[in-house]
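Below is the file target10.txt, which contains compact mmCIF, C-alpha atoms.
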```txt
# COMPACT_ATOMS: atom_id res chain seq x y z
CA MET S 1008 0.00 0.00 0.00
CA GLU S 1009 2.84 2.37 0.92
CA SER S 1010 4.61 1.54 -2.32
CA PHE S 1011 1.40 2.36 -4.25
CA ILE S 1012 1.08 5.71 -2.52
CA GLU S 1013 4.75 6.38 -3.14
CA LEU S 1014 4.24 5.53 -6.81
CA ILE S 1015 1.31 7.91 -7.11
CA SER S 1016 3.26 10.68 -5.35
CA LYS S 1017 5.97 10.39 -7.98
CA VAL S 1018 3.48 11.08 -10.83
CA PRO S 1019 4.28 14.53 -12.24
CA ASN S 1020 1.73 17.34 -11.76
CA VAL S 1021 1.46 17.74 -15.51
CA ILE S 1022 0.04 14.25 -15.79
CA TRP S 1023 -2.36 14.87 -12.94
CA SER S 1024 -3.52 18.03 -14.72
CA ALA S 1025 -4.07 16.07 -17.90
CA VAL S 1026 -6.00 13.38 -16.03
CA ILE S 1027 -8.20 15.92 -14.28
CA ALA S 1028 -8.75 17.81 -17.51
CA SER S 1029 -9.72 14.62 -19.29
CA PHE S 1030 -12.08 13.71 -16.46
CA LEU S 1031 -13.71 17.14 -16.59
CA THR S 1032 -14.01 16.87 -20.35
CA PHE S 1033 -15.63 13.46 -19.92
CA LEU S 1034 -18.10 14.90 -17.42
CA GLY S 1035 -18.85 17.80 -19.76
CA VAL S 1036 -19.51 15.44 -22.64
CA LEU S 1037 -21.68 13.26 -20.40
CA TRP S 1038 -23.74 16.22 -19.21
CA THR S 1039 -24.01 17.54 -22.75
CA ASN S 1040 -25.20 14.17 -24.02
CA ARG S 1041 -27.73 13.92 -21.23
CA GLY S 1042 -28.94 17.43 -22.00
CA ASN S 1043 -29.20 16.59 -25.69
CA GLU S 1044 -31.04 13.40 -24.86
CA LYS S 1045 -33.56 15.27 -22.72
CA ARG S 1046 -34.04 17.91 -25.42
CA GLN S 1047 -34.41 15.21 -28.06
CA THR S 1048 -36.92 13.34 -25.91
CA ALA S 1049 -38.86 16.56 -25.33
CA LEU S 1050 -38.74 17.38 -29.05
CA LEU S 1051 -39.95 13.90 -29.99
CA GLU S 1052 -42.77 14.15 -27.44
CA HIS S 1053 -43.69 17.56 -28.82
CA GLU S 1054 -43.69 16.24 -32.39
CA LYS S 1055 -45.75 13.25 -31.29
CA GLN S 1056 -48.32 15.49 -29.61
CA LYS S 1057 -48.32 17.81 -32.62
CA TYR S 1058 -48.88 14.86 -34.99
CA GLN S 1059 -51.65 13.46 -32.82
CA SER S 1060 -53.26 16.89 -32.61
CA GLU S 1061 -53.05 17.33 -36.38
CA GLN S 1062 -54.49 13.86 -36.95
CA LYS S 1063 -57.31 14.52 -34.52
CA LEU S 1064 -58.06 17.86 -36.16
CA ALA S 1065 -57.98 16.27 -39.63
CA LEU S 1066 -60.43 13.58 -38.45
CA LYS S 1067 -62.72 16.18 -36.95
CA LYS S 1068 -62.56 18.26 -40.10
CA GLU S 1069 -63.57 15.31 -42.27
CA VAL S 1070 -66.39 14.27 -39.92
CA PHE S 1071 -67.75 17.77 -39.35
CA LEU S 1072 -67.62 18.73 -43.02
CA ASN S 1073 -69.66 15.61 -43.79
CA VAL S 1074 -72.10 16.57 -41.05
CA ALA S 1075 -72.46 20.07 -42.49
CA ARG S 1076 -73.00 18.68 -46.00
CA SER S 1077 -75.53 16.13 -44.80
CA PHE S 1078 -77.60 18.68 -42.90
CA ALA S 1079 -77.45 20.97 -45.95
CA ASP S 1080 -78.81 18.10 -48.08
CA VAL S 1081 -81.58 17.42 -45.59
CA LEU S 1082 -82.57 21.08 -45.37
CA GLY S 1083 -82.50 21.23 -49.16
CA ILE S 1084 -85.23 18.59 -49.28
CA ILE S 1085 -87.77 20.81 -47.50
CA PRO S 1086 -88.38 23.26 -50.39
CA LYS S 1087 -88.54 20.27 -52.75
CA LEU S 1088 -91.44 18.86 -50.72
CA MET S 1089 -93.60 21.60 -52.24
CA ASN S 1090 -93.29 19.74 -55.54
CA LEU S 1091 -95.81 16.94 -55.12
CA ASP S 1092 -94.13 15.03 -57.96
CA PHE S 1093 -90.98 14.75 -55.82
CA THR S 1094 -91.18 11.07 -54.89
CA GLN S 1095 -90.68 9.27 -51.60
CA LYS S 1096 -87.83 7.31 -53.19
CA GLU S 1097 -86.02 10.52 -54.12
CA ILE S 1098 -86.43 11.77 -50.56
CA GLU S 1099 -85.06 8.53 -49.13
CA ILE S 1100 -82.05 8.58 -51.49
CA GLN S 1101 -81.15 12.12 -50.48
CA MET S 1102 -81.45 11.26 -46.77
CA SER S 1103 -80.03 7.73 -46.93
CA ASP S 1104 -76.64 8.42 -45.30
CA HIS S 1105 -77.70 11.21 -42.95
CA SER S 1106 -78.15 9.17 -39.77
CA GLY S 1107 -74.81 7.41 -40.14
CA ILE S 1108 -72.92 10.62 -40.88
CA VAL S 1109 -74.40 12.36 -37.85
CA ALA S 1110 -73.73 9.33 -35.63
CA LYS S 1111 -70.00 9.48 -36.50
CA SER S 1112 -69.82 13.00 -35.14
CA TYR S 1113 -70.78 11.72 -31.69
CA LEU S 1114 -67.41 9.94 -31.54
CA ALA S 1115 -65.31 12.89 -32.70
CA ALA S 1116 -67.05 15.87 -31.09
CA LYS S 1117 -66.93 17.20 -27.55
CA GLU S 1118 -69.95 16.74 -25.32
CA GLU S 1119 -71.15 20.32 -25.88
CA SER S 1120 -70.95 19.88 -29.63
CA VAL S 1121 -72.74 16.52 -29.49
CA ALA S 1122 -75.53 18.17 -27.49
CA ALA S 1123 -75.85 20.90 -30.13
CA ILE S 1124 -75.96 18.31 -32.93
CA LEU S 1125 -78.57 16.23 -31.09
CA ASN S 1126 -80.75 19.26 -30.45
CA TYR S 1127 -80.64 20.31 -34.07
CA SER S 1128 -81.25 16.75 -35.28
CA ALA S 1129 -84.31 16.46 -33.06
CA GLU S 1130 -85.69 19.78 -34.30
CA THR S 1131 -85.11 18.74 -37.92
CA ALA S 1132 -86.77 15.35 -37.40
CA GLU S 1133 -89.85 16.94 -35.78
CA VAL S 1134 -90.22 19.34 -38.72
CA PHE S 1135 -89.93 16.51 -41.25
CA ILE S 1136 -92.48 14.32 -39.49
CA GLN S 1137 -95.03 17.14 -39.40
CA LEU S 1138 -94.40 18.20 -43.01
CA MET S 1139 -94.61 14.64 -44.30
CA LYS S 1140 -97.97 14.16 -42.53
CA GLU S 1141 -99.37 17.31 -44.13
CA ARG S 1142 -97.85 16.41 -47.49
CA ALA S 1143 -99.55 13.01 -47.35
CA VAL S 1144 -102.96 14.74 -47.19
CA ALA S 1145 -102.09 16.85 -50.24
CA LEU S 1146 -100.81 13.76 -52.06
CA ASP S 1147 -104.10 11.96 -51.40
CA HIS S 1148 -106.01 14.76 -53.15
CA LYS S 1149 -103.47 14.78 -55.98
CA LYS S 1150 -103.90 11.02 -56.39
CA ALA S 1151 -107.67 11.42 -56.46
CA ILE S 1152 -107.34 14.04 -59.22
CA GLU S 1153 -105.12 11.69 -61.22
CA ILE S 1154 -107.63 8.84 -60.83
CA TYR S 1155 -110.55 11.04 -61.92
CA GLN S 1156 -108.51 12.26 -64.91
CA VAL S 1157 -107.71 8.70 -65.95
CA THR S 1158 -111.41 7.81 -65.61
CA ILE S 1159 -112.39 10.82 -67.75
CA ASP S 1160 -109.84 9.99 -70.42
CA SER S 1161 -110.91 6.35 -70.49
CA ALA S 1162 -114.62 7.25 -70.73
CA LYS S 1163 -113.93 9.75 -73.53
CA LYS S 1164 -112.04 7.10 -75.48
CA GLU S 1165 -114.98 4.74 -75.01
CA LYS S 1166 -117.37 7.45 -76.26
CA ASP S 1167 -115.20 7.94 -79.33
CA ARG S 1168 -115.16 4.17 -79.91
CA ILE S 1169 -118.97 3.99 -79.66
CA ILE S 1170 -119.37 6.86 -82.11
CA SER S 1171 -116.97 5.17 -84.49
CA ILE S 1172 -118.99 1.93 -84.32
CA MET S 1173 -122.27 3.79 -84.95
CA LYS S 1174 -120.77 5.57 -87.97
CA GLU S 1175 -119.51 2.27 -89.36
CA LEU S 1176 -122.95 0.66 -88.90
CA ASN S 1177 -124.61 3.58 -90.69
CA LEU S 1178 -122.18 3.29 -93.58
CA GLN S 1179 -122.95 -0.43 -93.81
CA GLY S 1180 -126.69 0.29 -93.83
CA HIS S 1181 -127.23 -1.57 -90.57
CA ASN S 1182 -130.75 -0.75 -89.28
CA ASN S 1183 -131.09 -2.92 -86.18
CA GLN S 1184 -132.65 -0.48 -83.70
CA ALA S 1185 -131.79 -2.64 -80.68
CA THR S 1186 -128.10 -2.34 -81.55
CA PHE S 1187 -128.29 1.43 -81.83
CA ASP S 1188 -130.31 1.64 -78.60
CA TYR S 1189 -127.59 -0.37 -76.83
CA LEU S 1190 -124.86 1.84 -78.27
CA ASN S 1191 -126.73 5.02 -77.36
CA LYS S 1192 -127.24 3.79 -73.82
CA SER S 1193 -123.54 2.88 -73.55
CA TYR S 1194 -122.64 6.32 -74.85
CA GLU S 1195 -124.90 8.00 -72.26
CA THR S 1196 -123.34 5.85 -69.52
CA GLN S 1197 -119.86 6.99 -70.51
CA GLU S 1198 -121.06 10.57 -70.77
CA GLY S 1199 -122.42 10.33 -67.24
CA ILE S 1200 -119.08 8.95 -66.03
CA VAL S 1201 -117.27 11.87 -67.69
CA ASN S 1202 -119.60 14.48 -66.21
CA ARG S 1203 -119.52 13.05 -62.68
CA SER S 1204 -115.77 12.61 -62.80
CA ILE S 1205 -115.26 16.19 -63.98
CA VAL S 1206 -117.32 17.47 -61.07
CA SER S 1207 -115.35 15.35 -58.61
CA LEU S 1208 -112.05 16.34 -60.23
CA GLU S 1209 -112.84 20.05 -59.98
CA GLU S 1210 -113.90 19.56 -56.37
CA GLN S 1211 -110.57 17.90 -55.57
CA LYS S 1212 -108.70 20.70 -57.36
CA SER S 1213 -110.56 23.32 -55.35
CA ILE S 1214 -109.49 21.52 -52.16
CA LEU S 1215 -105.91 20.87 -53.25
CA GLN S 1216 -105.06 24.33 -54.51
CA PRO S 1217 -105.38 26.25 -51.19
CA LEU S 1218 -104.11 23.22 -49.28
CA HIS S 1219 -101.02 23.04 -51.48
CA MET S 1220 -100.44 26.78 -51.18
CA ALA S 1221 -100.62 26.63 -47.36
CA PHE S 1222 -98.30 23.63 -47.34
CA ALA S 1223 -95.79 25.39 -49.59
CA LYS S 1224 -95.76 28.41 -47.28
CA LYS S 1225 -95.21 26.16 -44.27
CA CYS S 1226 -92.32 24.38 -46.02
CA LEU S 1227 -90.56 27.68 -46.66
CA SER S 1228 -91.35 28.96 -43.17
CA GLU S 1229 -89.94 25.83 -41.52
CA HIS S 1230 -86.93 25.91 -43.83
CA SER S 1231 -86.17 29.48 -42.74
CA ARG S 1232 -86.73 28.59 -39.09
CA LEU S 1233 -84.34 25.64 -39.26
CA LEU S 1234 -81.75 27.84 -40.92
CA SER S 1235 -82.09 30.34 -38.08
CA LEU S 1236 -81.45 27.52 -35.58
CA LEU S 1237 -78.14 26.56 -37.23
CA PRO S 1238 -75.75 28.89 -35.31
CA PRO S 1239 -75.40 26.94 -32.02
CA MET S 1240 -74.38 23.73 -33.79
CA THR S 1241 -72.30 25.48 -36.45
CA ILE S 1242 -70.46 27.65 -33.94
CA ALA S 1243 -69.73 24.60 -31.75
CA LEU S 1244 -68.22 22.72 -34.67
CA ARG S 1245 -66.30 25.75 -35.96
CA GLY S 1246 -64.85 26.12 -32.45
CA GLU S 1247 -63.63 22.52 -32.49
CA LEU S 1248 -61.94 23.21 -35.83
CA GLU S 1249 -60.33 26.33 -34.35
CA ASN S 1250 -62.11 28.43 -36.96
CA ASP S 1251 -64.42 30.61 -34.91
CA GLN S 1252 -62.89 34.07 -34.98
CA ASN S 1253 -66.16 36.01 -35.00
CA SER S 1254 -69.38 34.08 -34.43
CA GLN S 1255 -71.60 37.15 -34.55
CA THR S 1256 -70.49 37.97 -38.08
CA PHE S 1257 -71.62 34.51 -39.18
CA VAL S 1258 -74.95 34.83 -37.33
CA ASP S 1259 -75.64 38.29 -38.80
CA ALA S 1260 -74.82 37.12 -42.33
CA LEU S 1261 -77.05 34.06 -41.96
CA ASN S 1262 -79.99 36.09 -40.65
CA ASP S 1263 -79.59 38.64 -43.43
CA ASN S 1264 -79.62 35.83 -46.00
CA ILE S 1265 -82.79 34.36 -44.45
CA LYS S 1266 -84.56 37.74 -44.61
CA ARG S 1267 -83.66 38.24 -48.25
CA MET S 1268 -84.77 34.71 -49.09
CA ASN S 1269 -88.12 35.22 -47.31
CA VAL S 1270 -88.75 38.45 -49.22
CA ALA S 1271 -88.13 36.62 -52.51
CA PHE S 1272 -90.48 33.78 -51.55
CA ASP S 1273 -93.20 36.17 -50.37
CA SER S 1274 -93.11 37.96 -53.71
CA ILE S 1275 -93.63 34.62 -55.49
CA PHE S 1276 -96.69 33.77 -53.38
CA GLU S 1277 -98.14 37.26 -53.81
CA SER S 1278 -97.90 36.95 -57.58
CA LYS S 1279 -99.66 33.56 -57.49
CA GLU S 1280 -102.44 34.80 -55.24
CA ALA S 1281 -103.03 37.95 -57.32
```
I'd like the structure from this file rewritten - as structure tokens, please.
Amino acid sequence: MESFIELISKVPNVIWSAVIASFLTFLGVLWTNRGNEKRQTALLEHEKQKYQSEQKLALKKEVFLNVARSFADVLGIIPKLMNLDFTQKEIEIQMSDHSGIVAKSYLAAKEESVAAILNYSAETAEVFIQLMKERAVALDHKKAIEIYQVTIDSAKKEKDRIISIMKELNLQGHNNQATFDYLNKSYETQEGIVNRSIVSLEEQKSILQPLHMAFAKKCLSEHSRLLSLLPPMTIALRGELENDQNSQTFVDALNDNIKRMNVAFDSIFESKEA
């Protein structure tokens, strides 16, 4: 042990300085590496969080844009309901994916946004149920008119056929009075069908016209009302997409658009009623 200490004591100071310097350099490199490792770990965590945030935002954007498009399609159906030739199949096609698209938003949206979507969905569904019930009444009258028109057309064709037969018999010199009596009676029967059907058809038209007009006004009124109820849901979704700089500007623009649209529709109804 004493020889070891004696050996160490004989080591020149220059060497000790070099050893100490090397040791300090080693410590400096170690600390630097640890610092770099921590910064790298923090950077990677930051990039990971940034990527996850961007992915989440991209998912929300896709889902919410689909929700917006789907609600726009559904609202677009309401004015089309005024056209009684717009079929149930066409309505179903336009609404076919709506429920699934809206349901996806429940997974991506915050609770407040989901509540806004549910509220608007419920309001929209209630409007559609009521409008479809009233439209069904109008469609019944329209169907009755179509049936009476088909009956009239068919009876008129039969009258023309009877007249054609009578003319042919006259040309042939046929003088069987019983045959002509039968044909005349058949003609009168068809004439009676035409006259009764025309009366019923005009009666149905007189019922349908004001009914259809009132229904059309309600469609446009409910369409405007649903548009006015859009802001809570739209603002909630815009907020989740970090795109809600000035909600009031959006609300004011929407309300102004609704007013202008209502003025245009009112002018159309006034011209029809004049």
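Each of S:Asn1262, S:Ser1228, S:Ser1112, S:Gln1101 was compared to Glu1069 in chain S using all atoms listed in the file, and S:Ser1112 turns out to be the nearest.
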Calculated over only C-alpha atoms, which of the candidates S:Arg1142, S:Lys1192, S:Lys1067, S:Lys1096 has the smallest distance to Leu1114 in chain S?
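Ranked by minimum distance to Leu1114 in chain S, first place goes to S:Lys1067.
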In Å and to one decimal, CA of Ile1200 in chain S is distant from CA of Gln1216 in chain S by 23.8 Å
From the set S:Cys1226, S:Leu1233, S:Leu1146, S:Ala1123, which residue has the shortest atom-to-atom contact distance to Met1089 in chain S, counting all atoms listed in the file?
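The closest residue to Met1089 in chain S is S:Cys1226.
Considering all atoms listed in the file, the residue among S:Ser1161, S:Lys1150, S:Lys1140, S:Glu1249 positioned nearest to Phe1222 in chain S is S:Lys1140.
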So, counting all atoms listed in the file, which residue among S:Ile1124, S:Met1268, S:Leu1227, S:Leu1261 is closest to Lys1111 in chain S?
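Between S:Ile1124, S:Met1268, S:Leu1227, S:Leu1261, the residue approaching Lys1111 in chain S most closely is S:Ile1124.
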Have range 1094-1115 of chain S completed to N, CA, C and O atoms, please, and pass it along as a compact mmCIF listing (two decimals), in the frame of the given file.
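Below is the file that was written, part26.txt:
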```txt
# COMPACT_ATOMS: atom_id res chain seq x y z
N THR S 1094 -90.73 12.35 -55.42
CA THR S 1094 -91.18 11.07 -54.89
C THR S 1094 -90.55 10.72 -53.54
O THR S 1094 -89.51 11.26 -53.16
N GLN S 1095 -91.18 9.77 -52.88
CA GLN S 1095 -90.68 9.27 -51.60
C GLN S 1095 -89.31 8.61 -51.79
O GLN S 1095 -88.42 8.74 -50.93
N LYS S 1096 -89.12 7.95 -52.91
CA LYS S 1096 -87.83 7.31 -53.19
C LYS S 1096 -86.72 8.35 -53.31
O LYS S 1096 -85.61 8.14 -52.80
N GLU S 1097 -87.01 9.46 -53.98
CA GLU S 1097 -86.02 10.52 -54.12
C GLU S 1097 -85.67 11.13 -52.77
O GLU S 1097 -84.51 11.46 -52.50
N ILE S 1098 -86.67 11.26 -51.91
CA ILE S 1098 -86.43 11.77 -50.56
C ILE S 1098 -85.53 10.82 -49.79
O ILE S 1098 -84.56 11.24 -49.14
N GLU S 1099 -85.84 9.53 -49.86
CA GLU S 1099 -85.06 8.53 -49.13
C GLU S 1099 -83.62 8.47 -49.63
O GLU S 1099 -82.69 8.30 -48.83
N ILE S 1100 -83.41 8.60 -50.94
CA ILE S 1100 -82.05 8.58 -51.49
C ILE S 1100 -81.25 9.75 -50.96
O ILE S 1100 -80.08 9.61 -50.56
N GLN S 1101 -81.87 10.94 -50.92
CA GLN S 1101 -81.15 12.12 -50.48
C GLN S 1101 -80.85 12.09 -48.98
O GLN S 1101 -79.90 12.72 -48.52
N MET S 1102 -81.64 11.32 -48.22
CA MET S 1102 -81.45 11.26 -46.77
C MET S 1102 -80.80 9.95 -46.33
O MET S 1102 -80.61 9.74 -45.13
N SER S 1103 -80.42 9.10 -47.27
CA SER S 1103 -80.03 7.73 -46.93
C SER S 1103 -78.85 7.65 -45.97
O SER S 1103 -78.83 6.80 -45.08
N ASP S 1104 -77.85 8.52 -46.12
CA ASP S 1104 -76.64 8.42 -45.30
C ASP S 1104 -76.65 9.37 -44.10
O ASP S 1104 -75.67 9.40 -43.33
N HIS S 1105 -77.70 10.14 -43.95
CA HIS S 1105 -77.70 11.21 -42.95
C HIS S 1105 -77.49 10.69 -41.53
O HIS S 1105 -76.63 11.19 -40.79
N SER S 1106 -78.24 9.68 -41.14
CA SER S 1106 -78.15 9.17 -39.77
C SER S 1106 -76.75 8.66 -39.44
O SER S 1106 -76.21 8.94 -38.37
N GLY S 1107 -76.15 7.93 -40.38
CA GLY S 1107 -74.81 7.41 -40.14
C GLY S 1107 -73.76 8.50 -40.04
O GLY S 1107 -72.86 8.44 -39.20
N ILE S 1108 -73.87 9.51 -40.90
CA ILE S 1108 -72.92 10.62 -40.88
C ILE S 1108 -73.00 11.38 -39.56
O ILE S 1108 -71.99 11.72 -38.95
N VAL S 1109 -74.22 11.64 -39.11
CA VAL S 1109 -74.40 12.36 -37.85
C VAL S 1109 -73.90 11.52 -36.68
O VAL S 1109 -73.27 12.03 -35.74
N ALA S 1110 -74.16 10.21 -36.71
CA ALA S 1110 -73.73 9.33 -35.63
C ALA S 1110 -72.21 9.33 -35.47
O ALA S 1110 -71.69 9.26 -34.35
N LYS S 1111 -71.46 9.42 -36.57
CA LYS S 1111 -70.00 9.48 -36.50
C LYS S 1111 -69.51 10.69 -35.72
O LYS S 1111 -68.48 10.63 -35.04
N SER S 1112 -70.25 11.78 -35.82
CA SER S 1112 -69.82 13.00 -35.14
C SER S 1112 -69.87 12.85 -33.62
O SER S 1112 -69.16 13.55 -32.90
N TYR S 1113 -70.71 11.92 -33.13
CA TYR S 1113 -70.78 11.72 -31.69
C TYR S 1113 -69.46 11.18 -31.13
O TYR S 1113 -69.16 11.38 -29.96
N LEU S 1114 -68.69 10.49 -31.98
CA LEU S 1114 -67.41 9.94 -31.54
C LEU S 1114 -66.29 10.96 -31.60
O LEU S 1114 -65.32 10.86 -30.84
N ALA S 1115 -66.40 11.94 -32.50
CA ALA S 1115 -65.31 12.89 -32.70
C ALA S 1115 -65.51 14.21 -31.96
O ALA S 1115 -64.55 14.91 -31.67
```
